[in-house]
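Notes follow the structure.
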Amino acid sequence: MIERILSVFRESDFDFRGFAHPDDPLAERFAEWVDYYRLKYAIARVLEPASILEIGVHYGYSAATFLAACPTAHYVGLDNESESYGGVAGGPAWARRITRPDRAEFLRVDTQTLEALPGGEYDLVHVDGQQDGLGTAHDLYLALQQAKWILLDGFLWTELNAVAASRFLCDHRKAMAHALLIPGYAGELLIRVDDGYRRLARAVRAAEAERDSAALRPTYTPEYFLCDCGGYAEYHSAGGRGLLEGRLAAVFALASPRAGERVLDLGCGRGELTYQAARKGAEVLAVDYSPHAIELARACVEEAPRPAGRVEFYCGDVGSAPLSGKYDCMLAADLVEHLHPHELSGLLSRLAEHLAPGGRLIVHTAPNLWFYHWGYRRLREAMRREGRYLPRNPRSLYEKLMHINEQTPGTLRRALGAHFAHVRVWPCDIGGDYAAGLARKLSRSEYGEARGILAVAAHAPIRDEELLALLCQARLEPDRVRLVLELRGDPPARVRCRQRLHVPVRLENHGDRPLVSAPPHPFHLSYHWRPQPASSKSLRASSLSFRPKGEISPKGEIPGSEEGRRKIPPSVEMTVTVEMTVTVEMTGAVGMTGAVEMIGTAGMTGRVVEVTGRGWRCLRGSGRRCRIHSCQGNRWSSR
């Protein structure tokens with residue numbers, strides 16, 4: 001395509017000066033602008049758009065150029081008719097004059113105030129780049145919703161403009177078939193919008209017009225669940241059979257389903273919560289109107305060792321799910337933001353009828369609008385003062401498409417309170433902490449940092465102490481802790497510089513209560529690298545640590561691996577002992593780190609030879625075990 005455009009450009013004798021304004025204050029630049037507008041002429045001749053919309057008309061030189069290339073096209077020009085960002089007061093009047101014989105109309109509009117462009121879809125949307133980067137990114141997103149082709153003028157006008165447009169390309173790469181950059185006078189960026197994305201955008205507009213979230217169903221594609229939906233990386237890591245993401249772990253901890261209970265998983269998505277509830281022995285009804293979600297959730301359950309509980313899947317709208325009898329636990333993880341308010345109200349009314357007297361509805365939603373309206377805005381302004389760029393809208397591509405009912409803690413509390421007698425709502429995910437908003441009064445800055453919202457609704461009173469006990473790791477009680485830590489595998493005889501090896505780990509919980517790496521006393525595993533005395537001068541002792549993600553259930557284990565890193569002097573031979581210790585942080589309050597209590601240690605010894613340069617090393621562990629068997633005061637002993 002670039003060759004076709006450049007070929008037309010070289011063969012054309014188009015000269016915009018035939019319709020230029022005689023009193024244009026920048027007339028001295030007309031000679032260098034000839035090629036600039038000739039390139040636009042060539043692009044339009046190759047694309048042959050039947051409909052064109054332009055953001056930023058000015059004197060209408062681009063409008064006349066496009067219409068000269070495509071005389072039968074319908075043109076719509078938008079301009080705020082001000083002198084900001086290269087505009088000229090009264091410029092659109094000249095544009096109307098030079099395009100009078102053509103099918104052209106002009107609207108006085110400030111696109112920075114728009115949520116959508118006027119009219120329907122366009123073959124070509126031209127975005128004037130003579131503005132700050134934030135304005136450029138906003139106009140590009142508007143164009144993305146309604147254009148087949150987008151032409152950004154002035155990609156290289158300023159560094160800020162180039163950074164903003166580049167960030168736009170990165171954030172919306174899934175919406176583009178391809179993009180071409182022709183440096184030219186100011187840089188012409190030509191974007192071909194993906195046809196599949198255009199269909200999704202039409203579905204979103206239909207959902208907004210009809211106030212019916214069913215119109216959004218085409219947006220829930222396999223790519224969304226596997227490459228964009230929150231927790232997709234953790235899903236791939238555990239095959240959907242581990243609660244490695246904080247929000248899902250928090251929802252499941254609050255639910256704490258038991259064997260024989262009836263669980264309703266609304267908007268089950270990939271099925272992580274469904275699988276875990278069934279694994280506990282619960283009878284689960286998993287509901288999602290996306291057939292792709294049901295397929296993934298079914299595979300998550302059926303391809304694993306058969307869970308203790310029974311699972312039934314329903315592919316359909318949550319509002320029409322075949323509910324029967326009473327449910328002990330209802331889960332709605334990241335569902336409410338996908339439902340129109342009237343749909344949410346109708347759903348909550350049904351759930352209230354089917355919730356058991358002692359049951360609970362657990363809700364998580366993100367984003368928390370407080371974060372986007374206040375916390376993120378402050379962060380963006382701080383970055384702007386430092387000359388760094390953050391987009392006006394930080395939502396992902398699919399969030400922009402699907403989120404039709406985002407919440408604040410207040411709006412969610414009112415929605416739940418209309419149907420349930422007892423409701424507890426708090427902002428969560430403050431630096432990864434899902435209990436802080438429940439455990440204490442948050443500061444104003446913490447309210448702005450909270451990225452999500454958790455809520456519990458019930459017919460019976462809700463005690464904060466009970467919720468905190470489910471979300472937080474309490475101080476260990478010696479007679480209730482039984483852990484087994486094992487380093488697995490055999491160390492290699494030799495390790496070369498920069499060679500990457502893994503430490504396979506197994507941590508088993510043989511106690512009678514679940515353990516979780518959460519405040520105020522989170523578990524973590526610490527790696528200690530200790531050289532033998534003969535080589536102690538060559539390598540100093542060092543340690544690293546990581547925290548297990550998710551719940552360590554009784555009689556359960558968490559497999560995993562971590563990489564330790566340590567610089568080793570060149571050309572040495574040494575023996576290194578690697579120890580691993582299970583520890584618990586003894587903190588006085590959520591978010592405050594205090595002393596560390598040692599739980600148990602396992603270790604191995606290996607040799608490192610033929611090191612030819614500086615790098616880091618990680619040795620595999622051997623099969624030594626350590627079991628907790630007694631505790632006296634704050635000192636743990638192990639064997």
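Note on naming: chains are A, B, ... as they come in the structure tokens, residues start from 1 per chain, ligands start from 1 in the order shown.
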message = Applying 7 Å and only C-alpha atoms, which residues near Leu107 (chain A) remain after dropping the ones on its own chain fewer than 4 positions away? List them as a ChimeraX atom specification.
response = /A:77-79
key: Nearby residues (only C-alpha atoms) at most 8 Å from Ala69 (chain A), same-chain spacing under 3 positions excluded, as a ChimeraX atom specification   = /A:41-42,44-45,48,65-66
What does the file look like for those residues with N, CA, C and O atoms, as a PDB file, in the first residue's frame?
```pdb
ATOM      1  N   TYR A  41      -3.559  13.920  -0.698  1.00  0.00           N
ATOM      2  CA  TYR A  41      -4.304  13.667  -1.941  1.00  0.00           C
ATOM      3  C   TYR A  41      -4.059  12.229  -2.417  1.00  0.00           C
ATOM      4  O   TYR A  41      -5.000  11.516  -2.794  1.00  0.00           O
ATOM      5  N   ALA A  42      -2.804  11.795  -2.369  1.00  0.00           N
ATOM      6  CA  ALA A  42      -2.461  10.451  -2.826  1.00  0.00           C
ATOM      7  C   ALA A  42      -3.096   9.387  -1.933  1.00  0.00           C
ATOM      8  O   ALA A  42      -3.590   8.362  -2.414  1.00  0.00           O
ATOM      9  N   ALA A  44      -5.883   9.642  -0.177  1.00  0.00           N
ATOM     10  CA  ALA A  44      -7.321   9.584  -0.465  1.00  0.00           C
ATOM     11  C   ALA A  44      -7.599   8.905  -1.809  1.00  0.00           C
ATOM     12  O   ALA A  44      -8.569   8.145  -1.940  1.00  0.00           O
ATOM     13  N   ARG A  45      -6.754   9.149  -2.808  1.00  0.00           N
ATOM     14  CA  ARG A  45      -6.965   8.512  -4.120  1.00  0.00           C
ATOM     15  C   ARG A  45      -6.840   6.997  -4.008  1.00  0.00           C
ATOM     16  O   ARG A  45      -7.574   6.247  -4.663  1.00  0.00           O
ATOM     17  N   GLU A  48      -9.925   5.707  -1.629  1.00  0.00           N
ATOM     18  CA  GLU A  48     -11.221   5.975  -2.244  1.00  0.00           C
ATOM     19  C   GLU A  48     -12.365   5.934  -1.225  1.00  0.00           C
ATOM     20  O   GLU A  48     -13.332   5.177  -1.381  1.00  0.00           O
ATOM     21  N   THR A  65      -8.640  19.056  -0.318  1.00  0.00           N
ATOM     22  CA  THR A  65      -7.730  18.061  -0.891  1.00  0.00           C
ATOM     23  C   THR A  65      -8.417  16.707  -0.998  1.00  0.00           C
ATOM     24  O   THR A  65      -8.358  16.031  -2.040  1.00  0.00           O
ATOM     25  N   PHE A  66      -9.060  16.273   0.078  1.00  0.00           N
ATOM     26  CA  PHE A  66      -9.756  14.981   0.050  1.00  0.00           C
ATOM     27  C   PHE A  66     -10.860  14.962  -1.005  1.00  0.00           C
ATOM     28  O   PHE A  66     -11.031  13.974  -1.728  1.00  0.00           O
TER      29      PHE A  66
END
```
note = As a check of understanding: the span from CA of Pro367 (chain A) to CA of Arg451 (chain A) is 5.5 Å
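Proximity to Ala435 (chain A) was assessed for A:Ala253, A:Phe225, A:Pro391, A:His459 counting only C-alpha atoms; the smallest distance is recorded for A:Ala253.
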ask   = Do you know which residues are at most 10 Å from Val287 (chain A) counting only C-alpha atoms, after dropping those on the same chain fewer than 3 positions away, and could you put them as a ChimeraX atom specification?
value = /A:264-269,271,274,284,290,293-294,297,312-322
